[in-house]
$ cat data03.cif   # mmCIF, C-alpha atoms
data_structure
loop_
_atom_site.label_atom_id
_atom_site.label_comp_id
_atom_site.auth_asym_id
_atom_site.auth_seq_id
_atom_site.Cartn_x
_atom_site.Cartn_y
_atom_site.Cartn_z
CA MET A 1330 -103.47 16.88 49.58
CA THR A 1331 -105.24 13.70 50.64
CA ARG A 1332 -106.70 12.94 54.04
CA THR A 1333 -103.89 10.45 54.65
CA ASP A 1334 -101.18 13.08 54.21
CA SER A 1335 -101.58 14.40 57.75
CA ARG A 1336 -98.73 13.44 59.99
CA TYR A 1337 -96.31 14.79 62.54
CA VAL A 1338 -92.95 13.76 63.91
CA VAL A 1339 -91.86 13.88 67.53
CA ASP A 1340 -88.36 13.44 68.92
CA SER A 1341 -87.30 11.27 71.84
CA ASP A 1342 -88.77 13.80 74.30
CA ASP A 1343 -92.08 14.01 72.42
CA ARG A 1344 -91.24 17.46 71.08
CA VAL A 1345 -92.92 18.24 67.76
CA ILE A 1346 -90.23 18.54 65.07
CA THR A 1347 -92.18 18.17 61.80
CA VAL A 1348 -95.81 18.77 60.82
CA VAL A 1349 -97.55 17.90 57.54
CA GLY A 1350 -101.11 18.41 56.29
CA HIS A 1351 -103.73 19.81 58.64
CA PHE A 1352 -101.25 19.60 61.52
CA GLU A 1353 -99.49 22.62 60.01
CA ASP A 1354 -102.37 24.68 61.44
CA THR A 1355 -102.89 22.87 64.73
CA LEU A 1356 -99.37 21.80 65.70
CA GLY A 1357 -97.35 24.20 63.57
CA PRO A 1358 -97.29 26.89 66.27
CA PHE A 1359 -95.93 24.27 68.71
CA LEU A 1360 -92.88 23.21 66.69
CA GLY A 1361 -90.08 22.59 69.16
CA HIS A 1362 -92.54 22.27 72.02
CA SER A 1363 -93.87 19.16 73.73
CA LEU A 1364 -96.77 17.47 71.96
CA TRP A 1365 -98.51 17.23 75.35
CA GLU A 1366 -98.33 20.99 75.74
CA ALA A 1367 -100.05 21.38 72.37
CA SER A 1368 -102.57 18.61 73.01
CA PRO A 1369 -103.99 18.75 76.55
CA GLN A 1370 -105.08 15.40 77.99
CA ALA A 1371 -103.66 13.52 75.00
CA GLU A 1372 -100.69 12.11 76.87
CA ARG A 1373 -102.58 9.36 78.68
CA LEU A 1374 -104.27 8.37 75.39
CA PHE A 1375 -101.22 8.35 73.11
CA ALA A 1376 -98.13 7.97 75.29
CA PRO A 1377 -98.55 4.22 75.98
CA HIS A 1378 -98.63 3.56 72.22
CA PHE A 1379 -95.61 5.80 71.67
CA ALA A 1380 -93.75 3.91 74.39
CA GLU A 1381 -94.65 0.57 72.78
CA ALA A 1382 -93.39 1.71 69.36
CA ARG A 1383 -90.09 2.91 70.85
CA GLN A 1384 -89.71 -0.21 72.95
CA THR A 1385 -90.45 -2.73 70.19
CA GLY A 1386 -89.13 -0.78 67.22
CA CYS A 1387 -92.29 -1.82 65.37
CA ASP A 1388 -95.17 0.19 63.95
CA VAL A 1389 -98.10 0.56 66.35
CA GLU A 1390 -101.65 1.34 65.21
CA PHE A 1391 -104.50 2.48 67.40
CA THR A 1392 -107.86 4.19 67.11
CA SER A 1393 -108.77 6.93 69.53
CA PHE A 1394 -111.12 9.84 70.01
CA TYR A 1395 -109.47 13.16 70.67
CA ALA A 1396 -110.48 16.79 70.23
CA GLY A 1397 -113.83 16.02 68.66
CA ARG A 1398 -112.49 13.50 66.16
CA LEU A 1399 -112.10 9.76 65.96
CA ALA A 1400 -108.91 8.88 64.10
CA ARG A 1401 -106.71 5.94 63.26
CA ARG A 1402 -103.09 6.62 64.22
CA ARG A 1403 -100.06 4.71 62.97
CA VAL A 1404 -96.90 5.32 64.94
CA VAL A 1405 -93.72 4.54 63.00
CA PRO A 1406 -90.50 4.52 65.04
CA THR A 1407 -87.10 5.46 63.70
CA GLY A 1408 -84.90 5.01 66.72
CA GLN A 1409 -86.55 7.16 69.39
CA THR A 1410 -88.12 9.50 66.83
CA LEU A 1411 -91.73 8.77 65.96
CA THR A 1412 -93.71 9.62 62.84
CA VAL A 1413 -97.42 9.62 63.61
CA HIS A 1414 -99.72 9.21 60.61
CA VAL A 1415 -103.30 10.24 61.32
CA ILE A 1416 -106.30 9.09 59.30
CA PRO A 1417 -109.56 10.76 60.36
CA LEU A 1418 -112.52 8.39 60.70
CA GLU A 1419 -115.40 10.34 62.23
CA GLU A 1420 -115.93 13.91 63.34
CA LEU A 1421 -118.29 14.91 66.11
CA ASP A 1422 -121.00 17.25 64.85
CA VAL A 1423 -121.91 19.35 67.88
CA ARG A 1424 -124.23 21.84 66.12
CA THR A 1425 -127.49 20.48 67.50
CA LEU A 1426 -128.43 17.78 69.99
CA ALA A 1427 -129.70 15.68 67.06
CA THR A 1428 -126.46 15.95 65.06
CA LEU A 1429 -124.43 15.41 68.23
CA SER A 1430 -126.37 12.28 69.08
CA GLU A 1431 -126.06 10.88 65.55
CA SER A 1432 -122.35 11.55 65.26
CA LEU A 1433 -121.65 10.22 68.76
CA LEU A 1434 -123.43 6.98 67.83
CA ARG A 1435 -121.24 6.74 64.72
CA VAL A 1436 -118.11 7.29 66.82
CA GLU A 1437 -119.14 4.66 69.34
CA ALA A 1438 -120.06 2.17 66.59
CA GLU A 1439 -116.72 2.72 64.89
CA LEU A 1440 -114.88 2.28 68.19
CA ALA A 1441 -116.81 -0.91 68.94
CA GLY A 1442 -116.05 -2.21 65.45
CA ARG A 1443 -112.36 -1.43 65.82
CA ALA A 1444 -112.30 -3.09 69.24
CA SER A 1445 -113.77 -6.30 67.86
CA GLU A 1446 -111.17 -6.25 65.04
CA ARG A 1447 -108.49 -6.71 67.67
CA PHE A 1448 -109.72 -10.25 68.25
CA GLY A 1449 -109.42 -12.81 65.48
CA PRO A 1450 -112.20 -15.38 64.94
CA PRO A 1451 -110.70 -17.94 67.39
CA ALA A 1452 -110.36 -15.30 70.09
CA ARG A 1453 -113.93 -14.09 69.46
CA ALA A 1454 -115.17 -17.68 69.71
CA SER A 1455 -113.32 -18.08 73.01
CA LEU A 1456 -114.85 -14.89 74.35
CA GLN A 1457 -118.32 -16.01 73.26
CA ALA A 1458 -117.83 -19.28 75.13
CA LEU A 1459 -117.30 -17.42 78.37
CA PRO A 1460 -120.27 -17.36 80.75
CA MET B 634 -135.01 34.22 84.40
CA ALA B 635 -131.33 33.70 85.01
CA VAL B 636 -130.19 36.06 82.23
CA THR B 637 -129.00 39.14 84.06
CA VAL B 638 -129.69 41.63 81.30
CA PRO B 639 -127.47 44.60 82.25
CA GLN B 640 -124.29 42.46 82.40
CA ALA B 641 -125.18 40.03 79.63
CA PRO B 642 -123.78 40.09 76.12
CA TYR B 643 -126.22 40.98 73.37
CA ILE B 644 -126.65 41.34 69.64
CA VAL B 645 -129.34 43.11 67.58
CA PHE B 646 -130.69 41.81 64.30
CA ASP B 647 -133.06 43.40 61.82
CA GLU B 648 -136.22 42.25 60.04
CA GLU B 649 -134.11 40.17 57.64
CA ASP B 650 -132.23 38.57 60.52
CA CYS B 651 -129.02 40.42 59.69
CA ILE B 652 -126.83 41.28 62.67
CA VAL B 653 -126.78 45.08 62.91
CA GLU B 654 -125.26 45.58 66.36
CA VAL B 655 -122.95 43.59 68.61
CA GLY B 656 -122.66 44.48 72.29
CA GLU B 657 -119.17 44.83 73.73
CA LEU B 658 -119.38 41.57 75.67
CA ALA B 659 -120.61 39.72 72.56
CA VAL B 660 -117.75 40.85 70.31
CA PRO B 661 -115.60 37.74 70.84
CA ALA B 662 -118.42 35.47 69.69
CA PHE B 663 -120.30 37.66 67.21
CA GLY B 664 -118.01 40.54 66.23
CA SER B 665 -116.90 38.96 62.97
CA PHE B 666 -120.52 38.35 61.95
CA LEU B 667 -121.65 41.98 62.03
CA GLY B 668 -123.69 42.74 58.89
CA GLN B 669 -124.22 39.07 58.09
CA ASN B 670 -127.33 36.95 58.17
CA LEU B 671 -127.76 34.95 61.38
CA TRP B 672 -128.70 31.72 59.61
CA ASP B 673 -125.75 31.93 57.24
CA CYS B 674 -123.39 32.38 60.17
CA PHE B 675 -124.82 29.56 62.27
CA PRO B 676 -125.79 26.60 60.06
CA GLY B 677 -128.55 24.42 61.42
CA SER B 678 -129.60 26.94 64.05
CA ARG B 679 -132.67 28.34 62.26
CA PRO B 680 -135.22 25.69 63.33
CA LEU B 681 -134.01 26.02 66.93
CA TYR B 682 -134.19 29.80 67.27
CA GLU B 683 -136.43 31.28 64.60
CA PRO B 684 -139.77 30.18 66.13
CA HIS B 685 -138.88 32.08 69.31
CA TYR B 686 -137.94 35.22 67.38
CA ALA B 687 -141.12 34.95 65.31
CA GLU B 688 -143.12 34.76 68.54
CA ALA B 689 -141.35 37.82 69.95
CA ARG B 690 -142.05 39.80 66.78
CA ARG B 691 -145.66 38.60 66.60
CA THR B 692 -146.52 39.32 70.22
CA GLY B 693 -144.27 42.32 70.74
CA ALA B 694 -143.27 40.79 74.06
CA PRO B 695 -139.89 39.40 75.21
CA VAL B 696 -139.44 35.66 74.81
CA GLU B 697 -137.11 33.67 77.05
CA PHE B 698 -135.83 30.22 76.30
CA ALA B 699 -132.93 27.84 76.84
CA GLN B 700 -131.21 26.29 73.87
CA TYR B 701 -128.34 23.99 72.98
CA TYR B 702 -126.34 24.91 69.90
CA ASN B 703 -122.78 24.26 68.76
CA GLY B 704 -121.51 22.84 72.02
CA ARG B 705 -123.10 25.43 74.27
CA VAL B 706 -126.24 25.68 76.38
CA MET B 707 -127.47 29.25 76.44
CA LEU B 708 -130.20 31.13 78.23
CA VAL B 709 -131.65 33.54 75.71
CA LYS B 710 -133.96 36.53 75.98
CA ALA B 711 -135.28 37.93 72.70
CA VAL B 712 -136.64 41.46 73.11
CA PRO B 713 -138.51 42.86 70.09
CA SER B 714 -138.41 46.55 69.21
CA GLY B 715 -140.26 47.31 66.01
CA THR B 716 -138.88 44.93 63.40
CA ARG B 717 -135.60 44.50 65.23
CA VAL B 718 -134.84 42.00 67.96
CA THR B 719 -132.26 42.38 70.70
CA LEU B 720 -130.90 39.07 71.82
CA TRP B 721 -129.46 38.85 75.33
CA TYR B 722 -127.74 35.60 76.15
CA GLU B 723 -125.80 33.80 78.82
CA VAL B 724 -123.73 30.65 78.24
CA VAL B 725 -124.45 28.23 81.10
CA ALA B 726 -122.69 25.09 79.86
CA MET B 727 -120.10 24.07 77.30
CA LEU B 728 -119.19 20.69 75.90
CA ASP B 729 -115.68 19.36 76.45
CA VAL B 730 -114.84 17.38 73.32
CA LEU B 731 -111.17 16.69 74.09
CA THR B 732 -111.79 13.14 75.28
CA LEU B 733 -114.76 10.76 75.30
CA GLU B 734 -114.82 10.81 79.11
CA GLY B 735 -114.87 14.60 79.15
CA LEU B 736 -117.54 14.62 76.48
CA ARG B 737 -119.80 12.25 78.41
CA GLU B 738 -119.43 14.21 81.66
CA SER B 739 -119.91 17.60 80.06
CA LEU B 740 -122.86 16.38 77.99
CA ASP B 741 -124.60 15.06 81.12
CA SER B 742 -123.96 18.38 82.82
CA ALA B 743 -125.11 20.42 79.81
CA LEU B 744 -128.34 18.44 79.47
CA ALA B 745 -129.05 18.80 83.19
CA LYS B 746 -128.52 22.55 82.98
CA LEU B 747 -130.71 22.75 79.88
CA SER B 748 -133.54 20.93 81.69
CA ALA B 749 -133.12 23.07 84.80
CA ALA B 750 -133.16 26.27 82.76
CA GLU B 751 -136.26 25.18 80.85
CA GLU B 752 -137.99 24.37 84.15
CA THR B 753 -137.02 27.76 85.61
CA ILE B 754 -138.38 29.54 82.55
CA ARG B 755 -141.61 27.50 82.65
CA ARG B 756 -142.11 28.37 86.33
CA GLU B 757 -141.50 32.04 85.64
CA GLN B 758 -144.02 31.95 82.79
CA VAL B 759 -146.62 30.42 85.12
CA ARG B 760 -145.93 33.10 87.76
CA THR B 761 -146.30 35.83 85.13
CA SER B 762 -149.56 34.32 83.93
CA LEU B 763 -150.88 34.16 87.50
CA ARG B 764 -149.96 37.79 88.12
CA LEU B 765 -151.82 38.77 84.95
CA VAL B 766 -154.87 36.72 85.96
CA GLU B 767 -154.83 38.35 89.41
CA GLY B 768 -154.52 41.78 87.83
CA ARG B 769 -151.10 42.48 89.24
CA GLY B 770 -149.27 42.37 85.90
#
$ encode --input "data03.cif" --output "C-alpha coordinates"
Amino acid sequence: MTRTDSRYVVDSDDRVITVVGHFEDTLGPFLGHSLWEASPQAERLFAPHFAEARQTGCDVEFTSFYAGRLARRRVVPTGQTLTVHVIPLEELDVRTLATLSESLLRVEAELAGRASERFGPPARASLQALP
Amino acid sequence: MAVTVPQAPYIVFDEEDCIVEVGELAVPAFGSFLGQNLWDCFPGSRPLYEPHYAEARRTGAPVEFAQYYNGRVMLVKAVPSGTRVTLWYEVVAMLDVLTLEGLRESLDSALAKLSAAEETIRREQVRTSLRLVEGRG
(Lines of atoms letter the chains of each structure in order from A and count residues from 1; the text may use other names and numbers.)
(Lines give C-alpha, C1' and ligand atoms only; values in the text may rest on other atoms or scores of the structure.)
Protein backbone atom coordinates (compact mmCIF):
# COMPACT_ATOMS: atom_id res chain seq x y z
CA MET A 1 0.00 0.00 0.00
CA THR A 2 1.48 3.35 -1.00
CA ARG A 3 0.63 6.73 0.45
CA THR A 4 -1.18 7.62 -2.78
CA ASP A 5 -3.59 4.70 -2.49
CA SER A 6 -5.84 6.51 -0.03
CA ARG A 7 -9.09 7.59 -1.55
CA TYR A 8 -12.81 7.64 -1.01
CA VAL A 9 -15.88 7.97 -3.18
CA VAL A 10 -18.97 10.01 -2.42
CA ASP A 11 -22.31 9.93 -4.23
CA SER A 12 -24.34 12.90 -5.41
CA ASP A 13 -25.45 13.62 -1.82
CA ASP A 14 -21.88 13.42 -0.47
CA ARG A 15 -22.57 10.06 1.16
CA VAL A 16 -19.47 7.90 1.51
CA ILE A 17 -19.85 4.83 -0.73
CA THR A 18 -16.27 3.50 -1.06
CA VAL A 19 -13.15 3.82 1.08
CA VAL A 20 -9.59 2.72 0.25
CA GLY A 21 -6.32 2.87 2.19
CA HIS A 22 -6.21 4.62 5.54
CA PHE A 23 -9.78 5.83 5.01
CA GLU A 24 -10.92 2.28 5.74
CA ASP A 25 -10.23 3.09 9.40
CA THR A 26 -11.43 6.68 9.51
CA LEU A 27 -14.35 6.70 7.07
CA GLY A 28 -15.13 2.99 6.98
CA PRO A 29 -17.56 3.21 9.91
CA PHE A 30 -19.40 6.00 8.05
CA LEU A 31 -20.12 4.10 4.83
CA GLY A 32 -23.56 5.15 3.67
CA HIS A 33 -23.45 8.27 5.82
CA SER A 34 -22.73 11.85 4.85
CA LEU A 35 -19.05 12.74 4.58
CA TRP A 36 -19.81 15.90 6.59
CA GLU A 37 -21.17 13.80 9.44
CA ALA A 38 -17.90 11.86 9.50
CA SER A 39 -15.72 14.95 9.07
CA PRO A 40 -16.92 17.86 11.23
CA GLN A 41 -16.14 21.32 9.85
CA ALA A 42 -14.83 19.85 6.58
CA GLU A 43 -17.83 20.91 4.52
CA ARG A 44 -16.85 24.56 4.17
CA LEU A 45 -13.29 23.50 3.21
CA PHE A 46 -14.11 20.78 0.68
CA ALA A 47 -17.65 21.38 -0.57
CA PRO A 48 -16.80 24.31 -2.89
CA HIS A 49 -14.22 22.12 -4.67
CA PHE A 50 -16.69 19.24 -4.89
CA ALA A 51 -19.27 21.59 -6.39
CA GLU A 52 -16.74 22.85 -8.95
CA ALA A 53 -15.83 19.29 -10.01
CA ARG A 54 -19.49 18.36 -10.44
CA GLN A 55 -20.28 21.60 -12.25
CA THR A 56 -17.35 21.49 -14.69
CA GLY A 57 -16.98 17.73 -15.02
CA CYS A 58 -13.23 18.26 -14.68
CA ASP A 59 -10.74 17.12 -12.06
CA VAL A 60 -10.18 19.66 -9.29
CA GLU A 61 -7.05 19.72 -7.12
CA PHE A 62 -6.60 21.62 -3.88
CA THR A 63 -4.40 21.62 -0.82
CA SER A 64 -5.94 21.98 2.59
CA PHE A 65 -5.26 21.42 6.26
CA TYR A 66 -7.76 19.23 8.05
CA ALA A 67 -7.68 17.08 11.18
CA GLY A 68 -4.03 17.71 11.93
CA ARG A 69 -2.80 17.01 8.40
CA LEU A 70 -1.99 19.00 5.32
CA ALA A 71 -2.96 17.05 2.21
CA ARG A 72 -3.30 17.44 -1.52
CA ARG A 73 -6.74 16.34 -2.71
CA ARG A 74 -7.70 15.51 -6.28
CA VAL A 75 -11.41 15.33 -6.90
CA VAL A 76 -12.35 13.25 -9.96
CA PRO A 77 -15.99 13.48 -11.06
CA THR A 78 -17.90 10.70 -12.74
CA GLY A 79 -21.29 12.26 -13.25
CA GLN A 80 -22.30 13.42 -9.77
CA THR A 81 -20.16 10.79 -8.05
CA LEU A 82 -16.76 11.98 -6.88
CA THR A 83 -13.57 10.03 -6.23
CA VAL A 84 -11.32 11.96 -3.87
CA HIS A 85 -7.65 10.98 -3.94
CA VAL A 86 -5.72 12.19 -0.91
CA ILE A 87 -1.95 12.60 -0.80
CA PRO A 88 -0.64 13.54 2.66
CA LEU A 89 1.95 16.33 2.67
CA GLU A 90 2.61 17.28 6.29
CA GLU A 91 1.38 16.07 9.65
CA LEU A 92 1.14 18.28 12.70
CA ASP A 93 3.32 16.98 15.53
CA VAL A 94 1.54 18.15 18.69
CA ARG A 95 3.71 16.27 21.22
CA THR A 96 5.61 19.29 22.53
CA LEU A 97 5.45 23.03 21.92
CA ALA A 98 8.76 22.74 20.03
CA THR A 99 7.55 19.97 17.70
CA LEU A 100 4.21 21.75 17.28
CA SER A 101 5.93 24.99 16.33
CA GLU A 102 8.27 23.27 13.86
CA SER A 103 5.53 21.27 12.18
CA LEU A 104 3.18 24.26 12.03
CA LEU A 105 5.91 26.25 10.28
CA ARG A 106 6.30 23.41 7.76
CA VAL A 107 2.54 23.36 7.16
CA GLU A 108 2.41 27.12 6.66
CA ALA A 109 5.45 27.07 4.35
CA GLU A 110 3.90 24.29 2.28
CA LEU A 111 0.60 26.17 2.08
CA ALA A 112 2.39 29.37 1.05
CA GLY A 113 4.35 27.45 -1.59
CA ARG A 114 1.19 25.85 -2.95
CA ALA A 115 -0.56 29.22 -3.01
CA SER A 116 2.22 30.77 -5.08
CA GLU A 117 2.05 27.81 -7.49
CA ARG A 118 -1.45 28.91 -8.42
CA PHE A 119 0.02 31.94 -10.16
CA GLY A 120 2.19 31.46 -13.23
CA PRO A 121 5.24 33.70 -13.78
CA PRO A 122 3.27 36.41 -15.66
CA ALA A 123 0.65 36.55 -12.93
CA ARG A 124 3.36 36.71 -10.25
CA ALA A 125 5.05 39.54 -12.15
CA SER A 126 1.73 41.40 -12.31
CA LEU A 127 1.20 40.95 -8.60
CA GLN A 128 4.73 42.18 -7.87
CA ALA A 129 4.05 45.30 -9.93
CA LEU A 130 1.16 46.23 -7.69
CA PRO A 131 1.85 48.96 -5.13
CA MET B 1 -2.95 25.49 43.01
CA ALA B 2 -5.91 24.85 40.76
CA VAL B 3 -5.62 21.04 40.91
CA THR B 4 -8.45 19.99 43.19
CA VAL B 5 -6.87 16.80 44.46
CA PRO B 6 -9.87 14.82 45.77
CA GLN B 7 -11.75 15.04 42.43
CA ALA B 8 -8.74 14.93 40.13
CA PRO B 9 -7.59 11.92 38.15
CA TYR B 10 -4.31 10.38 39.22
CA ILE B 11 -1.76 7.71 38.41
CA VAL B 12 1.04 6.20 40.52
CA PHE B 13 4.42 5.21 39.15
CA ASP B 14 7.31 3.40 40.79
CA GLU B 15 11.05 4.05 41.07
CA GLU B 16 11.53 2.85 37.48
CA ASP B 17 8.76 5.14 36.26
CA CYS B 18 6.44 2.23 35.53
CA ILE B 19 2.73 2.96 36.01
CA VAL B 20 1.56 0.79 38.90
CA GLU B 21 -1.84 2.32 39.64
CA VAL B 22 -4.43 4.24 37.65
CA GLY B 23 -7.17 6.15 39.45
CA GLU B 24 -10.73 5.64 38.26
CA LEU B 25 -10.94 9.06 36.63
CA ALA B 26 -7.61 8.48 34.84
CA VAL B 27 -8.61 5.15 33.28
CA PRO B 28 -9.72 6.61 29.93
CA ALA B 29 -6.34 8.26 29.42
CA PHE B 30 -3.97 5.90 31.24
CA GLY B 31 -5.79 2.60 31.75
CA SER B 32 -4.18 0.87 28.79
CA PHE B 33 -0.71 1.88 30.01
CA LEU B 34 -0.87 0.15 33.39
CA GLY B 35 2.39 -1.74 34.00
CA GLN B 36 4.24 0.14 31.27
CA ASN B 37 7.03 2.66 31.46
CA LEU B 38 5.87 6.28 31.34
CA TRP B 39 8.51 7.36 28.83
CA ASP B 40 7.75 4.48 26.48
CA CYS B 41 4.07 5.37 26.53
CA PHE B 42 4.54 9.09 25.97
CA PRO B 43 7.41 9.73 23.53
CA GLY B 44 9.16 13.04 23.92
CA SER B 45 7.64 13.72 27.33
CA ARG B 46 10.65 12.77 29.47
CA PRO B 47 12.56 16.10 29.30
CA LEU B 48 9.33 17.94 30.14
CA TYR B 49 8.27 15.94 33.18
CA GLU B 50 11.21 14.01 34.61
CA PRO B 51 13.00 17.00 36.20
CA HIS B 52 9.86 17.72 38.25
CA TYR B 53 9.57 14.11 39.38
CA ALA B 54 13.27 14.02 40.24
CA GLU B 55 12.78 17.13 42.36
CA ALA B 56 9.80 15.59 44.16
CA ARG B 57 11.78 12.43 44.90
CA ARG B 58 14.86 14.39 45.97
CA THR B 59 13.06 16.79 48.28
CA GLY B 60 10.29 14.48 49.44
CA ALA B 61 7.88 17.35 48.91
CA PRO B 62 5.03 17.74 46.38
CA VAL B 63 5.92 19.59 43.18
CA GLU B 64 3.32 21.48 41.17
CA PHE B 65 3.74 22.59 37.61
CA ALA B 66 1.89 23.34 34.39
CA GLN B 67 2.88 21.57 31.22
CA TYR B 68 1.91 21.28 27.57
CA TYR B 69 2.11 17.82 26.04
CA ASN B 70 0.37 16.10 23.16
CA GLY B 71 -2.23 18.75 22.53
CA ARG B 72 -3.13 19.34 26.16
CA VAL B 73 -2.19 21.83 28.86
CA MET B 74 -2.26 20.15 32.24
CA LEU B 75 -1.85 21.28 35.81
CA VAL B 76 0.16 18.58 37.54
CA LYS B 77 0.92 17.81 41.17
CA ALA B 78 3.58 15.16 41.79
CA VAL B 79 3.41 13.81 45.34
CA PRO B 80 6.31 11.54 46.38
CA SER B 81 5.83 8.63 48.76
CA GLY B 82 8.99 6.63 49.24
CA THR B 83 10.22 5.75 45.77
CA ARG B 84 6.77 6.06 44.25
CA VAL B 85 5.15 9.20 42.91
CA THR B 86 1.45 9.92 42.72
CA LEU B 87 0.60 12.22 39.88
CA TRP B 88 -2.59 14.26 40.14
CA TYR B 89 -3.53 16.17 37.03
CA GLU B 90 -6.15 18.41 35.54
CA VAL B 91 -6.50 19.15 31.82
CA VAL B 92 -7.12 22.89 31.42
CA ALA B 93 -6.83 23.30 27.65
CA MET B 94 -6.89 21.16 24.53
CA LEU B 95 -5.81 21.91 20.99
CA ASP B 96 -8.39 21.79 18.22
CA VAL B 97 -6.54 20.51 15.15
CA LEU B 98 -9.54 20.09 12.85
CA THR B 99 -8.91 23.32 10.97
CA LEU B 100 -6.11 25.90 10.87
CA GLU B 101 -8.46 28.55 12.29
CA GLY B 102 -9.43 26.28 15.16
CA LEU B 103 -5.81 25.40 15.73
CA ARG B 104 -4.73 29.05 15.91
CA GLU B 105 -7.53 29.98 18.32
CA SER B 106 -7.07 26.97 20.56
CA LEU B 107 -3.28 27.38 20.58
CA ASP B 108 -3.61 31.02 21.67
CA SER B 109 -6.00 29.94 24.40
CA ALA B 110 -3.81 27.02 25.50
CA LEU B 111 -0.70 29.20 25.72
CA ALA B 112 -2.58 31.84 27.70
CA LYS B 113 -3.82 29.20 30.13
CA LEU B 114 -0.32 27.74 30.41
CA SER B 115 1.10 31.17 31.29
CA ALA B 116 -1.70 31.88 33.75
CA ALA B 117 -1.23 28.51 35.44
CA GLU B 118 2.53 29.01 35.70
CA GLU B 119 1.96 32.44 37.23
CA THR B 120 -0.54 31.04 39.73
CA ILE B 121 1.91 28.32 40.75
CA ARG B 122 4.75 30.84 41.08
CA ARG B 123 2.60 33.07 43.31
CA GLU B 124 1.62 30.11 45.47
CA GLN B 125 5.28 29.13 45.81
CA VAL B 126 6.15 32.65 46.95
CA ARG B 127 3.30 32.60 49.49
CA THR B 128 4.50 29.24 50.82
CA SER B 129 8.05 30.55 51.09
CA LEU B 130 6.84 33.62 52.98
CA ARG B 131 4.83 31.49 55.40
CA LEU B 132 7.92 29.38 56.05
CA VAL B 133 10.07 32.48 56.59
CA GLU B 134 7.47 33.87 59.00
CA GLY B 135 7.34 30.56 60.84
CA ARG B 136 3.75 29.84 59.94
CA GLY B 137 4.51 26.89 57.65
$ resolve_selection --input "data03.cif" --expression "the PyMOL selection byres ((chain B) within 8 of (chain A))" --output "ChimeraX atom specification"
/B:676-678,701-704,730-733
$ write_last_selection --input "data03.cif" --atoms "C-alpha atoms" --output "mmCIF file, keeping the file's coordinate frame"
data_model
loop_
_atom_site.group_PDB
_atom_site.id
_atom_site.type_symbol
_atom_site.label_atom_id
_atom_site.label_comp_id
_atom_site.auth_asym_id
_atom_site.auth_seq_id
_atom_site.Cartn_x
_atom_site.Cartn_y
_atom_site.Cartn_z
ATOM 1 C CA PRO B 676 -125.790 26.600 60.060
ATOM 2 C CA GLY B 677 -128.550 24.420 61.420
ATOM 3 C CA SER B 678 -129.600 26.940 64.050
ATOM 4 C CA TYR B 701 -128.340 23.990 72.980
ATOM 5 C CA TYR B 702 -126.340 24.910 69.900
ATOM 6 C CA ASN B 703 -122.780 24.260 68.760
ATOM 7 C CA GLY B 704 -121.510 22.840 72.020
ATOM 8 C CA VAL B 730 -114.840 17.380 73.320
ATOM 9 C CA LEU B 731 -111.170 16.690 74.090
ATOM 10 C CA THR B 732 -111.790 13.140 75.280
ATOM 11 C CA LEU B 733 -114.760 10.760 75.300
#
$ resolve_selection --input "data03.cif" --expression "the PyMOL selection byres ((chain A and resi 1402-1406) around 7)" --output "CSV table (one decimal) with C-alpha atoms, keeping the file's coordinate frame"
chain,number,residue,atom,x,y,z
A,1379,PHE,CA,-95.6,5.8,71.7
A,1382,ALA,CA,-93.4,1.7,69.4
A,1383,ARG,CA,-90.1,2.9,70.8
A,1386,GLY,CA,-89.1,-0.8,67.2
A,1387,CYS,CA,-92.3,-1.8,65.4
A,1388,ASP,CA,-95.2,0.2,64.0
A,1389,VAL,CA,-98.1,0.6,66.4
A,1390,GLU,CA,-101.6,1.3,65.2
A,1391,PHE,CA,-104.5,2.5,67.4
A,1392,THR,CA,-107.9,4.2,67.1
A,1400,ALA,CA,-108.9,8.9,64.1
A,1401,ARG,CA,-106.7,5.9,63.3
A,1407,THR,CA,-87.1,5.5,63.7
A,1408,GLY,CA,-84.9,5.0,66.7
A,1409,GLN,CA,-86.6,7.2,69.4
A,1410,THR,CA,-88.1,9.5,66.8
A,1411,LEU,CA,-91.7,8.8,66.0
A,1412,THR,CA,-93.7,9.6,62.8
A,1413,VAL,CA,-97.4,9.6,63.6
A,1414,HIS,CA,-99.7,9.2,60.6
A,1415,VAL,CA,-103.3,10.2,61.3
A,1416,ILE,CA,-106.3,9.1,59.3
$ atom_distance --input "data03.cif" --atom1 "CA of Ala743 in chain B" --atom2 "CA of Gln640 in chain B"
22.2 Å
$ resolve_selection --input "data03.cif" --expression "the PyMOL selection byres ((chain B and resi 707-712) around 9)" --output "VMD selection string"
chain B and resid 634 to 636 638 685 to 686 689 to 690 693 to 702 705 to 706 713 to 714 717 to 726 747 750 to 751
$ atom_distance --input "data03.cif" --atom1 "CA of Phe663 in chain B" --atom2 "CA of Glu1366 in chain A"
28.9 Å
$ atom_distance --input "data03.cif" --atom1 "CA of Trp672 in chain B" --atom2 "CA of Gly715 in chain B"
20.4 Å
$ residues_around --input "data03.cif" --residues "range 651-654 of chain B" --least-positions-apart "6" --cutoff "12 Å" --atoms "all atoms listed in the file" --output "PyMOL selection string"
chain B and resi 642-645+660+663-675+716-721
$ axis_aligned_box --input "data03.cif" --around "range 666-669 of chain B" --padding-each-side "6 Å" --output "JSON"
{"center_x": -122.4, "center_y": 40.5, "center_z": 60.1, "size_x": 15.7, "size_y": 16.4, "size_z": 15.9}
$ closest_residue --input "data03.cif" --among "A:Glu1439, A:Ile1346, A:Leu1434, A:Ser1335" --to "Pro1358 in chain A" --atoms "all atoms listed in the file"
A:Ile1346
